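target22.csv follows (CSV, N, CA and C atoms and all ligand atoms):
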```csv
chain,number,residue,atom,x,y,z
I,16,MET,N,55.6,10.7,-12.6
I,16,MET,CA,54.6,10.5,-13.7
I,16,MET,C,53.9,11.7,-14.0
I,17,THR,N,53.7,12.0,-15.3
I,17,THR,CA,53.0,13.2,-15.7
I,17,THR,C,51.5,13.1,-15.4
I,18,PRO,N,50.8,14.2,-15.3
I,18,PRO,CA,49.3,14.1,-15.1
I,18,PRO,C,48.6,13.3,-16.2
I,19,PHE,N,49.1,13.4,-17.4
I,19,PHE,CA,48.5,12.7,-18.5
I,19,PHE,C,48.6,11.2,-18.3
I,20,ARG,N,49.8,10.8,-17.9
I,20,ARG,CA,50.0,9.3,-17.7
I,20,ARG,C,49.1,8.8,-16.6
I,21,TRP,N,49.0,9.6,-15.5
I,21,TRP,CA,48.0,9.2,-14.4
I,21,TRP,C,46.6,9.0,-15.0
I,22,LEU,N,46.2,10.0,-15.8
I,22,LEU,CA,44.9,9.8,-16.3
I,22,LEU,C,44.7,8.6,-17.2
I,23,LEU,N,45.8,8.3,-18.0
I,23,LEU,CA,45.7,7.2,-18.8
I,23,LEU,C,45.6,5.9,-18.0
I,24,TRP,N,46.4,5.8,-16.9
I,24,TRP,CA,46.4,4.6,-16.1
I,24,TRP,C,45.0,4.5,-15.4
I,25,LEU,N,44.4,5.6,-15.0
I,25,LEU,CA,43.1,5.6,-14.4
I,25,LEU,C,42.1,5.1,-15.4
I,26,ALA,N,42.2,5.6,-16.6
I,26,ALA,CA,41.2,5.1,-17.6
I,26,ALA,C,41.3,3.6,-17.9
I,27,ILE,N,42.6,3.2,-17.9
I,27,ILE,CA,42.8,1.7,-18.2
I,27,ILE,C,42.2,0.9,-17.0
I,28,LEU,N,42.5,1.4,-15.8
I,28,LEU,CA,42.0,0.6,-14.6
I,28,LEU,C,40.5,0.6,-14.6
I,29,LEU,N,39.9,1.8,-14.8
I,29,LEU,CA,38.4,1.8,-14.8
I,29,LEU,C,37.8,1.0,-15.9
I,30,SER,N,38.5,0.9,-17.0
I,30,SER,CA,37.9,0.1,-18.1
I,30,SER,C,37.9,-1.4,-17.8
I,31,LEU,N,38.8,-1.8,-16.8
I,31,LEU,CA,38.9,-3.2,-16.5
I,31,LEU,C,37.8,-3.6,-15.5
I,32,THR,N,37.1,-2.6,-14.9
I,32,THR,CA,36.1,-3.0,-13.9
I,32,THR,C,34.8,-3.4,-14.7
I,33,THR,N,34.1,-4.3,-14.0
I,33,THR,CA,32.9,-4.8,-14.6
I,33,THR,C,31.8,-4.6,-13.6
I,34,SER,N,30.6,-4.5,-14.1
I,34,SER,CA,29.5,-4.4,-13.1
I,34,SER,C,28.4,-5.4,-13.5
I,35,ALA,N,28.0,-6.2,-12.6
I,35,ALA,CA,26.9,-7.2,-12.8
I,35,ALA,C,25.6,-6.6,-12.3
I,36,SER,N,24.5,-6.8,-13.1
I,36,SER,CA,23.3,-6.2,-12.6
I,36,SER,C,22.5,-7.2,-11.8
I,37,TRP,N,22.9,-8.5,-11.9
I,37,TRP,CA,22.2,-9.5,-11.0
I,37,TRP,C,23.1,-10.7,-10.8
I,38,ALA,N,22.9,-11.3,-9.7
I,38,ALA,CA,23.7,-12.5,-9.5
I,38,ALA,C,23.4,-13.5,-10.6
I,39,GLN,N,24.4,-14.2,-11.1
I,39,GLN,CA,24.2,-14.9,-12.4
I,39,GLN,C,24.1,-16.4,-12.3
I,40,ASP,N,24.5,-17.0,-11.2
I,40,ASP,CA,24.4,-18.5,-11.2
I,40,ASP,C,23.0,-19.0,-10.9
I,41,ALA,N,22.7,-20.2,-11.3
I,41,ALA,CA,21.5,-20.9,-10.9
I,41,ALA,C,21.7,-21.1,-9.4
I,42,PRO,N,20.6,-21.1,-8.6
I,42,PRO,CA,20.7,-21.2,-7.1
I,42,PRO,C,21.4,-22.5,-6.7
I,43,THR,N,22.3,-22.4,-5.7
I,43,THR,CA,22.9,-23.6,-5.2
I,43,THR,C,22.2,-23.9,-3.8
I,44,LEU,N,21.5,-25.0,-3.7
I,44,LEU,CA,20.8,-25.4,-2.5
I,44,LEU,C,21.8,-26.0,-1.5
I,45,ALA,N,21.8,-25.6,-0.3
I,45,ALA,CA,22.7,-26.2,0.7
I,45,ALA,C,22.5,-27.7,0.8
I,46,ARG,N,23.6,-28.4,1.0
I,46,ARG,CA,23.5,-29.9,1.3
I,46,ARG,C,23.1,-30.1,2.7
I,47,LEU,N,22.0,-30.9,2.9
I,47,LEU,CA,21.5,-31.2,4.2
I,47,LEU,C,22.2,-32.5,4.7
I,48,ASP,N,23.1,-32.3,5.7
I,48,ASP,CA,23.8,-33.5,6.2
I,48,ASP,C,23.0,-34.2,7.3
I,49,PRO,N,23.4,-35.5,7.6
I,49,PRO,CA,22.7,-36.3,8.6
I,49,PRO,C,22.7,-35.7,10.0
I,50,ASP,N,23.7,-34.8,10.3
I,50,ASP,CA,23.8,-34.2,11.6
I,50,ASP,C,22.8,-33.0,11.7
I,51,GLY,N,22.0,-32.8,10.7
I,51,GLY,CA,21.0,-31.7,10.8
I,51,GLY,C,21.5,-30.4,10.4
I,52,VAL,N,22.7,-30.3,9.9
I,52,VAL,CA,23.3,-29.0,9.5
I,52,VAL,C,23.3,-28.9,8.0
I,53,GLN,N,23.0,-27.8,7.5
I,53,GLN,CA,23.1,-27.6,6.0
I,53,GLN,C,24.4,-26.9,5.7
I,54,ARG,N,25.1,-27.4,4.7
I,54,ARG,CA,26.4,-26.9,4.4
I,54,ARG,C,26.5,-26.4,3.0
I,55,LEU,N,27.3,-25.4,2.8
I,55,LEU,CA,27.6,-24.8,1.5
I,55,LEU,C,29.0,-24.3,1.5
I,56,SER,N,29.6,-24.3,0.4
I,56,SER,CA,30.9,-23.6,0.3
I,56,SER,C,31.0,-22.6,-0.8
I,57,MET,N,31.7,-21.5,-0.6
I,57,MET,CA,31.8,-20.4,-1.5
I,57,MET,C,33.2,-19.9,-1.6
I,58,VAL,N,33.6,-19.4,-2.7
I,58,VAL,CA,35.0,-18.9,-2.9
I,58,VAL,C,34.8,-17.4,-3.4
I,59,GLY,N,35.6,-16.5,-2.8
I,59,GLY,CA,35.7,-15.2,-3.3
I,59,GLY,C,36.9,-15.0,-4.1
I,60,SER,N,36.7,-14.7,-5.4
I,60,SER,CA,37.9,-14.5,-6.3
I,60,SER,C,37.9,-13.0,-6.6
I,61,ASN,N,38.5,-12.7,-7.7
I,61,ASN,CA,38.6,-11.2,-8.0
I,61,ASN,C,37.3,-10.7,-8.5
I,62,TYR,N,36.5,-10.1,-7.6
I,62,TYR,CA,35.3,-9.4,-7.9
I,62,TYR,C,34.2,-10.3,-8.3
I,63,ARG,N,34.2,-11.5,-7.7
I,63,ARG,CA,33.1,-12.4,-7.9
I,63,ARG,C,33.0,-13.4,-6.7
I,64,PHE,N,31.8,-13.8,-6.3
I,64,PHE,CA,31.6,-14.9,-5.4
I,64,PHE,C,31.2,-16.1,-6.3
I,65,GLN,N,31.7,-17.2,-6.0
I,65,GLN,CA,31.2,-18.4,-6.7
I,65,GLN,C,30.9,-19.6,-5.7
I,66,PRO,N,29.7,-20.1,-5.7
I,66,PRO,CA,28.6,-19.6,-6.5
I,66,PRO,C,28.0,-18.3,-5.9
I,67,ASP,N,27.2,-17.6,-6.7
I,67,ASP,CA,26.7,-16.3,-6.2
I,67,ASP,C,25.2,-16.2,-5.9
I,68,ARG,N,24.6,-17.4,-6.0
I,68,ARG,CA,23.2,-17.5,-5.5
I,68,ARG,C,23.1,-18.7,-4.6
I,69,LEU,N,22.9,-18.5,-3.3
I,69,LEU,CA,22.8,-19.6,-2.3
I,69,LEU,C,21.4,-19.7,-1.8
I,70,GLN,N,21.0,-21.0,-1.6
I,70,GLN,CA,19.7,-21.2,-1.1
I,70,GLN,C,19.9,-22.1,0.2
I,71,VAL,N,19.2,-21.6,1.3
I,71,VAL,CA,19.2,-22.4,2.5
I,71,VAL,C,17.8,-22.6,3.0
I,72,ARG,N,17.6,-23.6,3.9
I,72,ARG,CA,16.2,-23.8,4.4
I,72,ARG,C,16.0,-23.0,5.7
I,73,VAL,N,14.9,-22.5,5.9
I,73,VAL,CA,14.6,-21.7,7.1
I,73,VAL,C,14.6,-22.7,8.3
I,74,GLY,N,15.1,-22.2,9.4
I,74,GLY,CA,15.0,-22.9,10.7
I,74,GLY,C,16.1,-24.0,10.8
I,75,VAL,N,17.0,-24.2,9.9
I,75,VAL,CA,18.0,-25.2,9.9
I,75,VAL,C,19.4,-24.6,10.0
I,76,PRO,N,20.2,-25.0,11.0
I,76,PRO,CA,21.5,-24.4,11.1
I,76,PRO,C,22.3,-24.5,9.8
I,77,VAL,N,23.0,-23.4,9.5
I,77,VAL,CA,23.9,-23.3,8.3
I,77,VAL,C,25.3,-23.2,8.7
I,78,GLU,N,26.2,-24.0,8.0
I,78,GLU,CA,27.6,-23.7,8.0
I,78,GLU,C,28.0,-23.4,6.6
I,79,LEU,N,28.5,-22.2,6.4
I,79,LEU,CA,28.9,-21.7,5.1
I,79,LEU,C,30.5,-21.6,5.2
I,80,GLU,N,31.1,-22.4,4.4
I,80,GLU,CA,32.6,-22.4,4.3
I,80,GLU,C,33.0,-21.4,3.2
I,81,ILE,N,33.8,-20.5,3.6
I,81,ILE,CA,34.2,-19.4,2.7
I,81,ILE,C,35.7,-19.2,2.8
I,82,ARG,N,36.2,-19.0,1.6
I,82,ARG,CA,37.7,-18.6,1.5
I,82,ARG,C,37.9,-17.8,0.3
I,83,ARG,N,39.0,-17.2,0.1
I,83,ARG,CA,39.3,-16.4,-1.1
I,83,ARG,C,40.4,-17.2,-1.9
I,84,SER,N,40.3,-17.0,-3.2
I,84,SER,CA,41.3,-17.6,-4.0
I,84,SER,C,42.5,-16.7,-4.4
I,85,THR,N,42.3,-15.4,-4.1
I,85,THR,CA,43.3,-14.4,-4.5
I,85,THR,C,44.5,-14.5,-3.4
I,86,ARG,N,45.7,-14.1,-3.9
I,86,ARG,CA,46.8,-14.1,-3.0
I,86,ARG,C,46.9,-12.8,-2.3
I,87,LEU,N,46.8,-11.7,-3.0
I,87,LEU,CA,47.1,-10.4,-2.4
I,87,LEU,C,45.8,-9.5,-2.1
I,88,THR,N,44.9,-9.6,-3.0
I,88,THR,CA,43.7,-8.8,-2.9
I,88,THR,C,42.8,-9.2,-1.7
I,89,PRO,N,42.6,-8.3,-0.7
I,89,PRO,CA,41.7,-8.7,0.4
I,89,PRO,C,40.3,-8.7,0.0
I,90,HIS,N,39.5,-9.6,0.5
I,90,HIS,CA,38.1,-9.7,0.3
I,90,HIS,C,37.4,-10.0,1.6
I,91,ASP,N,36.2,-9.6,1.7
I,91,ASP,CA,35.4,-10.0,2.9
I,91,ASP,C,34.0,-10.3,2.5
I,92,LEU,N,33.2,-10.8,3.4
I,92,LEU,CA,31.8,-11.2,3.1
I,92,LEU,C,30.9,-10.5,4.2
I,93,VAL,N,30.0,-9.7,3.7
I,93,VAL,CA,29.0,-9.1,4.5
I,93,VAL,C,27.6,-9.6,4.2
I,94,ILE,N,26.9,-10.1,5.2
I,94,ILE,CA,25.5,-10.5,5.0
I,94,ILE,C,24.7,-9.8,6.2
I,95,ARG,N,24.0,-8.8,5.8
I,95,ARG,CA,23.4,-7.9,6.9
I,95,ARG,C,22.0,-7.6,6.5
I,96,ASP,N,21.0,-8.0,7.3
I,96,ASP,CA,19.6,-7.7,7.1
I,96,ASP,C,18.9,-7.7,8.4
I,97,ALA,N,18.3,-6.6,8.8
I,97,ALA,CA,17.7,-6.5,10.1
I,97,ALA,C,16.5,-7.4,10.2
I,98,ARG,N,15.6,-7.4,9.1
I,98,ARG,CA,14.4,-8.2,9.2
I,98,ARG,C,14.7,-9.7,9.3
I,99,MET,N,15.8,-10.1,8.6
I,99,MET,CA,16.2,-11.6,8.7
I,99,MET,C,17.1,-11.8,9.8
I,100,ARG,N,17.4,-10.8,10.6
I,100,ARG,CA,18.3,-10.9,11.8
I,100,ARG,C,19.6,-11.6,11.4
I,101,LEU,N,20.2,-11.1,10.4
I,101,LEU,CA,21.5,-11.6,9.9
I,101,LEU,C,22.5,-10.4,10.1
I,102,ASP,N,23.6,-10.6,10.7
I,102,ASP,CA,24.6,-9.5,10.9
I,102,ASP,C,26.0,-10.2,10.9
I,103,ILE,N,26.4,-10.5,9.7
I,103,ILE,CA,27.7,-11.3,9.5
I,103,ILE,C,28.7,-10.4,8.7
I,104,GLU,N,29.9,-10.4,9.2
I,104,GLU,CA,31.0,-9.7,8.5
I,104,GLU,C,32.2,-10.5,8.8
I,105,VAL,N,32.9,-11.0,7.7
I,105,VAL,CA,34.1,-11.9,8.0
I,105,VAL,C,35.1,-11.6,6.9
I,106,ASP,N,36.4,-11.4,7.3
I,106,ASP,CA,37.5,-11.3,6.4
I,106,ASP,C,37.8,-12.6,5.8
I,107,LEU,N,38.0,-12.7,4.5
I,107,LEU,CA,38.3,-13.9,3.9
I,107,LEU,C,39.8,-14.2,3.9
I,108,ARG,N,40.1,-15.4,4.1
I,108,ARG,CA,41.5,-15.8,4.1
I,108,ARG,C,41.7,-16.9,3.0
I,109,ARG,N,42.9,-17.3,2.8
I,109,ARG,CA,43.2,-18.4,1.8
I,109,ARG,C,42.7,-19.7,2.4
I,110,GLU,N,42.8,-19.8,3.7
I,110,GLU,CA,42.2,-21.0,4.4
I,110,GLU,C,40.7,-20.8,4.6
I,111,ALA,N,40.0,-21.9,4.5
I,111,ALA,CA,38.5,-21.8,4.6
I,111,ALA,C,38.2,-21.4,6.0
I,112,ARG,N,37.2,-20.6,6.2
I,112,ARG,CA,36.6,-20.2,7.5
I,112,ARG,C,35.1,-20.6,7.4
I,113,ILE,N,34.6,-20.9,8.6
I,113,ILE,CA,33.2,-21.3,8.6
I,113,ILE,C,32.3,-20.2,9.3
I,114,VAL,N,31.3,-19.8,8.6
I,114,VAL,CA,30.3,-18.9,9.1
I,114,VAL,C,29.1,-19.7,9.5
I,115,ARG,N,28.7,-19.5,10.8
I,115,ARG,CA,27.5,-20.3,11.2
I,115,ARG,C,26.4,-19.3,11.6
I,116,PHE,N,25.2,-19.7,11.1
I,116,PHE,CA,24.0,-19.0,11.5
I,116,PHE,C,22.8,-19.9,11.2
I,117,THR,N,21.7,-19.5,11.8
I,117,THR,CA,20.4,-20.2,11.6
I,117,THR,C,19.4,-19.2,11.1
I,118,PRO,N,19.0,-19.3,9.8
I,118,PRO,CA,18.0,-18.4,9.3
I,118,PRO,C,16.6,-18.6,9.9
I,119,GLU,N,16.0,-17.5,10.4
I,119,GLU,CA,14.8,-17.6,11.1
I,119,GLU,C,13.6,-17.3,10.3
I,120,VAL,N,13.8,-16.5,9.3
I,120,VAL,CA,12.7,-16.1,8.4
I,120,VAL,C,13.1,-16.3,6.9
I,121,THR,N,12.0,-16.6,6.1
I,121,THR,CA,12.3,-16.7,4.7
I,121,THR,C,12.5,-15.3,4.1
I,122,GLY,N,13.2,-15.3,2.9
I,122,GLY,CA,13.4,-14.1,2.2
I,122,GLY,C,14.7,-14.1,1.5
I,123,ARG,N,15.1,-12.9,1.0
I,123,ARG,CA,16.3,-12.8,0.2
I,123,ARG,C,17.1,-11.7,0.8
I,124,VAL,N,18.4,-11.9,0.8
I,124,VAL,CA,19.3,-10.8,1.2
I,124,VAL,C,20.5,-10.8,0.3
I,125,VAL,N,20.9,-9.6,-0.1
I,125,VAL,CA,22.1,-9.5,-0.9
I,125,VAL,C,23.3,-9.5,0.0
I,126,PHE,N,24.3,-10.4,-0.4
I,126,PHE,CA,25.6,-10.3,0.4
I,126,PHE,C,26.6,-9.8,-0.6
I,127,TYR,N,27.7,-9.3,0.0
I,127,TYR,CA,28.7,-8.6,-0.8
I,127,TYR,C,30.1,-8.5,-0.1
I,128,CYS,N,31.0,-8.0,-0.9
I,128,CYS,CA,32.4,-7.7,-0.4
I,128,CYS,C,32.4,-6.2,-0.3
I,129,ASP,N,32.7,-5.6,0.9
I,129,ASP,CA,32.8,-4.1,0.9
I,129,ASP,C,34.2,-3.6,0.9
I,130,GLU,N,35.1,-4.4,0.4
I,130,GLU,CA,36.5,-3.8,0.3
I,130,GLU,C,36.5,-2.8,-0.9
I,131,ARG,N,37.5,-1.9,-0.7
I,131,ARG,CA,37.6,-0.8,-1.8
I,131,ARG,C,39.0,-0.3,-1.6
I,132,LEU,N,39.7,-0.1,-2.7
I,132,LEU,CA,41.0,0.5,-2.7
I,132,LEU,C,40.9,2.0,-3.1
I,133,LEU,N,41.2,2.8,-2.2
I,133,LEU,CA,41.3,4.3,-2.4
I,133,LEU,C,40.0,4.8,-3.1
I,134,PHE,N,40.2,5.4,-4.2
I,134,PHE,CA,39.0,6.0,-4.9
I,134,PHE,C,38.4,5.1,-6.0
I,135,PHE,N,38.9,3.9,-6.0
I,135,PHE,CA,38.4,2.9,-7.1
I,135,PHE,C,37.0,2.4,-6.6
I,136,PRO,N,36.2,1.9,-7.6
I,136,PRO,CA,34.9,1.4,-7.3
I,136,PRO,C,35.1,0.3,-6.3
I,137,SER,N,34.1,0.1,-5.4
I,137,SER,CA,34.1,-0.9,-4.4
I,137,SER,C,34.0,-2.3,-5.1
I,138,HIS,N,34.5,-3.3,-4.4
I,138,HIS,CA,34.4,-4.6,-5.0
I,138,HIS,C,32.9,-5.0,-5.3
I,139,ARG,N,32.0,-4.5,-4.4
I,139,ARG,CA,30.6,-4.7,-4.6
I,139,ARG,C,30.2,-4.1,-6.0
I,140,ASP,N,30.6,-2.9,-6.2
I,140,ASP,CA,30.2,-2.2,-7.4
I,140,ASP,C,30.9,-2.9,-8.6
I,141,ARG,N,31.9,-3.6,-8.4
I,141,ARG,CA,32.6,-4.3,-9.5
I,141,ARG,C,32.0,-5.7,-9.7
I,142,GLY,N,30.9,-6.0,-9.0
I,142,GLY,CA,30.2,-7.3,-9.2
I,142,GLY,C,30.4,-8.3,-8.1
I,143,MET,N,31.1,-8.0,-7.1
I,143,MET,CA,31.4,-9.0,-6.0
I,143,MET,C,30.2,-9.0,-5.0
I,144,TRP,N,29.1,-9.6,-5.4
I,144,TRP,CA,28.0,-9.7,-4.6
I,144,TRP,C,27.2,-10.9,-5.0
I,145,GLY,N,26.2,-11.3,-4.2
I,145,GLY,CA,25.3,-12.4,-4.6
I,145,GLY,C,24.0,-12.3,-3.8
I,146,VAL,N,23.2,-13.3,-3.9
I,146,VAL,CA,21.9,-13.4,-3.2
I,146,VAL,C,21.8,-14.6,-2.4
I,147,LEU,N,21.5,-14.5,-1.2
I,147,LEU,CA,21.1,-15.6,-0.3
I,147,LEU,C,19.6,-15.7,-0.2
I,148,GLU,N,19.1,-16.8,-0.5
I,148,GLU,CA,17.6,-17.0,-0.4
I,148,GLU,C,17.3,-18.0,0.7
I,149,VAL,N,16.5,-17.6,1.6
I,149,VAL,CA,16.0,-18.5,2.7
I,149,VAL,C,14.6,-19.0,2.3
I,150,VAL,N,14.5,-20.3,2.1
I,150,VAL,CA,13.3,-20.9,1.6
I,150,VAL,C,12.7,-21.9,2.6
I,151,GLU,N,11.4,-22.1,2.4
I,151,GLU,CA,10.7,-23.2,3.2
I,151,GLU,C,11.3,-24.5,2.8
I,152,GLU,N,11.2,-25.5,3.7
I,152,GLU,CA,11.7,-26.8,3.4
I,152,GLU,C,10.9,-27.5,2.3
I,201,CU,CU,36.5,-8.1,-2.4
```

Could you write out this file's structure as structure tokens?
Ligand SMILES: [Cu+2]
Amino acid sequence: MTPFRWLLWLAILLSLTTSASWAQDAPTLARLDPDGVQRLSMVGSNYRFQPDRLQVRVGVPVELEIRRSTRLTPHDLVIRDARMRLDIEVDLRREARIVRFTPEVTGRVVFYCDERLLFFPSHRDRGMWGVLEVVEE
């Protein structure tokens, strides 16, 4: 391939990338089940988490069911915040996986996918991120 063709391909690929300035969904509050666990499910698709704004209650165990809808593109989920004592990193699979944690303090943390292909923008930079809000009951 000639250098010109490479540049053309690069321009096309970069033009396909999008960037979101803020998580866009209305907040999805976790469902509080009779067993005292609050549950949510989320899907990672190409460069988007759905839903991308999650709300959970402080002090109540959380089970977050997470999977990816893509066949080939790898995605992961990172939720990391020292103050909120969250340190989660999980590779997403086609089958749902469960992430368990109990939020101990209220606040907001940005979660994201940190996958990246070579020199292309990271998935996070392409909009694959969201906000987890820990709220009072
Ligand atoms: Cu990703």

Q | Protein/DNA/RNA residues near (33.0, -6.3, 1.2), cut 7 Å, all atoms listed in the file, as JSON, numbers by chain | A | {"I": [90, 91, 92, 93, 127, 128, 129, 130, 131, 138, 139]}

Could you report the residues within 12 Å of ligand CU 201 (chain I), using only C-alpha atoms and all ligand atoms, as a compact mmCIF listing (two decimals) with N, CA and C atoms, in the frame of the given file?
```txt
# COMPACT_ATOMS: atom_id res chain seq x y z
N VAL I 58 33.60 -19.40 -2.70
CA VAL I 58 35.00 -18.90 -2.90
C VAL I 58 34.80 -17.40 -3.40
N GLY I 59 35.60 -16.50 -2.80
CA GLY I 59 35.70 -15.20 -3.30
C GLY I 59 36.90 -15.00 -4.10
N SER I 60 36.70 -14.70 -5.40
CA SER I 60 37.90 -14.50 -6.30
C SER I 60 37.90 -13.00 -6.60
N ASN I 61 38.50 -12.70 -7.70
CA ASN I 61 38.60 -11.20 -8.00
C ASN I 61 37.30 -10.70 -8.50
N TYR I 62 36.50 -10.10 -7.60
CA TYR I 62 35.30 -9.40 -7.90
C TYR I 62 34.20 -10.30 -8.30
N ARG I 63 34.20 -11.50 -7.70
CA ARG I 63 33.10 -12.40 -7.90
C ARG I 63 33.00 -13.40 -6.70
N PHE I 64 31.80 -13.80 -6.30
CA PHE I 64 31.60 -14.90 -5.40
C PHE I 64 31.20 -16.10 -6.30
N ARG I 82 36.20 -19.00 1.60
CA ARG I 82 37.70 -18.60 1.50
C ARG I 82 37.90 -17.80 0.30
N ARG I 83 39.00 -17.20 0.10
CA ARG I 83 39.30 -16.40 -1.10
C ARG I 83 40.40 -17.20 -1.90
N SER I 84 40.30 -17.00 -3.20
CA SER I 84 41.30 -17.60 -4.00
C SER I 84 42.50 -16.70 -4.40
N THR I 85 42.30 -15.40 -4.10
CA THR I 85 43.30 -14.40 -4.50
C THR I 85 44.50 -14.50 -3.40
N ARG I 86 45.70 -14.10 -3.90
CA ARG I 86 46.80 -14.10 -3.00
C ARG I 86 46.90 -12.80 -2.30
N LEU I 87 46.80 -11.70 -3.00
CA LEU I 87 47.10 -10.40 -2.40
C LEU I 87 45.80 -9.50 -2.10
N THR I 88 44.90 -9.60 -3.00
CA THR I 88 43.70 -8.80 -2.90
C THR I 88 42.80 -9.20 -1.70
N PRO I 89 42.60 -8.30 -0.70
CA PRO I 89 41.70 -8.70 0.40
C PRO I 89 40.30 -8.70 0.00
N HIS I 90 39.50 -9.60 0.50
CA HIS I 90 38.10 -9.70 0.30
C HIS I 90 37.40 -10.00 1.60
N ASP I 91 36.20 -9.60 1.70
CA ASP I 91 35.40 -10.00 2.90
C ASP I 91 34.00 -10.30 2.50
N LEU I 92 33.20 -10.80 3.40
CA LEU I 92 31.80 -11.20 3.10
C LEU I 92 30.90 -10.50 4.20
N VAL I 93 30.00 -9.70 3.70
CA VAL I 93 29.00 -9.10 4.50
C VAL I 93 27.60 -9.60 4.20
N VAL I 105 32.90 -11.00 7.70
CA VAL I 105 34.10 -11.90 8.00
C VAL I 105 35.10 -11.60 6.90
N ASP I 106 36.40 -11.40 7.30
CA ASP I 106 37.50 -11.30 6.40
C ASP I 106 37.80 -12.60 5.80
N LEU I 107 38.00 -12.70 4.50
CA LEU I 107 38.30 -13.90 3.90
C LEU I 107 39.80 -14.20 3.90
N ARG I 108 40.10 -15.40 4.10
CA ARG I 108 41.50 -15.80 4.10
C ARG I 108 41.70 -16.90 3.00
N PHE I 126 24.30 -10.40 -0.40
CA PHE I 126 25.60 -10.30 0.40
C PHE I 126 26.60 -9.80 -0.60
N TYR I 127 27.70 -9.30 0.00
CA TYR I 127 28.70 -8.60 -0.80
C TYR I 127 30.10 -8.50 -0.10
N CYS I 128 31.00 -8.00 -0.90
CA CYS I 128 32.40 -7.70 -0.40
C CYS I 128 32.40 -6.20 -0.30
N ASP I 129 32.70 -5.60 0.90
CA ASP I 129 32.80 -4.10 0.90
C ASP I 129 34.20 -3.60 0.90
N GLU I 130 35.10 -4.40 0.40
CA GLU I 130 36.50 -3.80 0.30
C GLU I 130 36.50 -2.80 -0.90
N ARG I 131 37.50 -1.90 -0.70
CA ARG I 131 37.60 -0.80 -1.80
C ARG I 131 39.00 -0.30 -1.60
N LEU I 132 39.70 -0.10 -2.70
CA LEU I 132 41.00 0.50 -2.70
C LEU I 132 40.90 2.00 -3.10
N PRO I 136 36.20 1.90 -7.60
CA PRO I 136 34.90 1.40 -7.30
C PRO I 136 35.10 0.30 -6.30
N SER I 137 34.10 0.10 -5.40
CA SER I 137 34.10 -0.90 -4.40
C SER I 137 34.00 -2.30 -5.10
N HIS I 138 34.50 -3.30 -4.40
CA HIS I 138 34.40 -4.60 -5.00
C HIS I 138 32.90 -5.00 -5.30
N ARG I 139 32.00 -4.50 -4.40
CA ARG I 139 30.60 -4.70 -4.60
C ARG I 139 30.20 -4.10 -6.00
N ASP I 140 30.60 -2.90 -6.20
CA ASP I 140 30.20 -2.20 -7.40
C ASP I 140 30.90 -2.90 -8.60
N ARG I 141 31.90 -3.60 -8.40
CA ARG I 141 32.60 -4.30 -9.50
C ARG I 141 32.00 -5.70 -9.70
N GLY I 142 30.90 -6.00 -9.00
CA GLY I 142 30.20 -7.30 -9.20
C GLY I 142 30.40 -8.30 -8.10
N MET I 143 31.10 -8.00 -7.10
CA MET I 143 31.40 -9.00 -6.00
C MET I 143 30.20 -9.00 -5.00
N TRP I 144 29.10 -9.60 -5.40
CA TRP I 144 28.00 -9.70 -4.60
C TRP I 144 27.20 -10.90 -5.00
```

(Q) Taking 2 positions as the minimum chain separation for residues in the same chain, which residues sit within 6 Å of I:Val146 when counting all atoms listed in the file? Answer as a ChimeraX atom specification. (A) /I:38,67-69,124-126,144,148

Q: Give the answer as one residue: which of I:Arg72, I:Arg98, I:Arg112, I:Arg123 has the shortest atom-to-atom distance to I:Val150, using only C-alpha atoms?
A: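 Once distances to I:Val150 are computed over only C-alpha atoms, the minimum belongs to I:Arg72.
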
Q.
From the options I:Val120, I:Val149, I:Val75, I:Leu101, which residue's atoms come nearest to I:Gly51, counting all atoms listed in the file?
A.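 Smallest distance to I:Gly51 is found for I:Val75.
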
(Q) Report, in Å to a single decimal, how far apart atom C of I:Leu79 and atom CA of I:Ala97 are. (A)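 These atoms are spaced 20.4 Å apart.
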
Within stretch 26-139 of chain I, find each residue whose DSSP state, derived from the backbone, is alpha helix (DSSP H), and express the selection as an mmCIF file with N, CA and C atoms, keeping the file's coordinate frame.
```
data_model
loop_
_atom_site.group_PDB
_atom_site.id
_atom_site.type_symbol
_atom_site.label_atom_id
_atom_site.label_comp_id
_atom_site.auth_asym_id
_atom_site.auth_seq_id
_atom_site.Cartn_x
_atom_site.Cartn_y
_atom_site.Cartn_z
ATOM 1 N N ALA I 26 42.200 5.600 -16.600
ATOM 2 C CA ALA I 26 41.200 5.100 -17.600
ATOM 3 C C ALA I 26 41.300 3.600 -17.900
ATOM 4 N N ILE I 27 42.600 3.200 -17.900
ATOM 5 C CA ILE I 27 42.800 1.700 -18.200
ATOM 6 C C ILE I 27 42.200 0.900 -17.000
ATOM 7 N N LEU I 28 42.500 1.400 -15.800
ATOM 8 C CA LEU I 28 42.000 0.600 -14.600
ATOM 9 C C LEU I 28 40.500 0.600 -14.600
ATOM 10 N N LEU I 29 39.900 1.800 -14.800
ATOM 11 C CA LEU I 29 38.400 1.800 -14.800
ATOM 12 C C LEU I 29 37.800 1.000 -15.900
ATOM 13 N N SER I 30 38.500 0.900 -17.000
ATOM 14 C CA SER I 30 37.900 0.100 -18.100
ATOM 15 C C SER I 30 37.900 -1.400 -17.800
ATOM 16 N N LEU I 31 38.800 -1.800 -16.800
ATOM 17 C CA LEU I 31 38.900 -3.200 -16.500
ATOM 18 C C LEU I 31 37.800 -3.600 -15.500
#
```
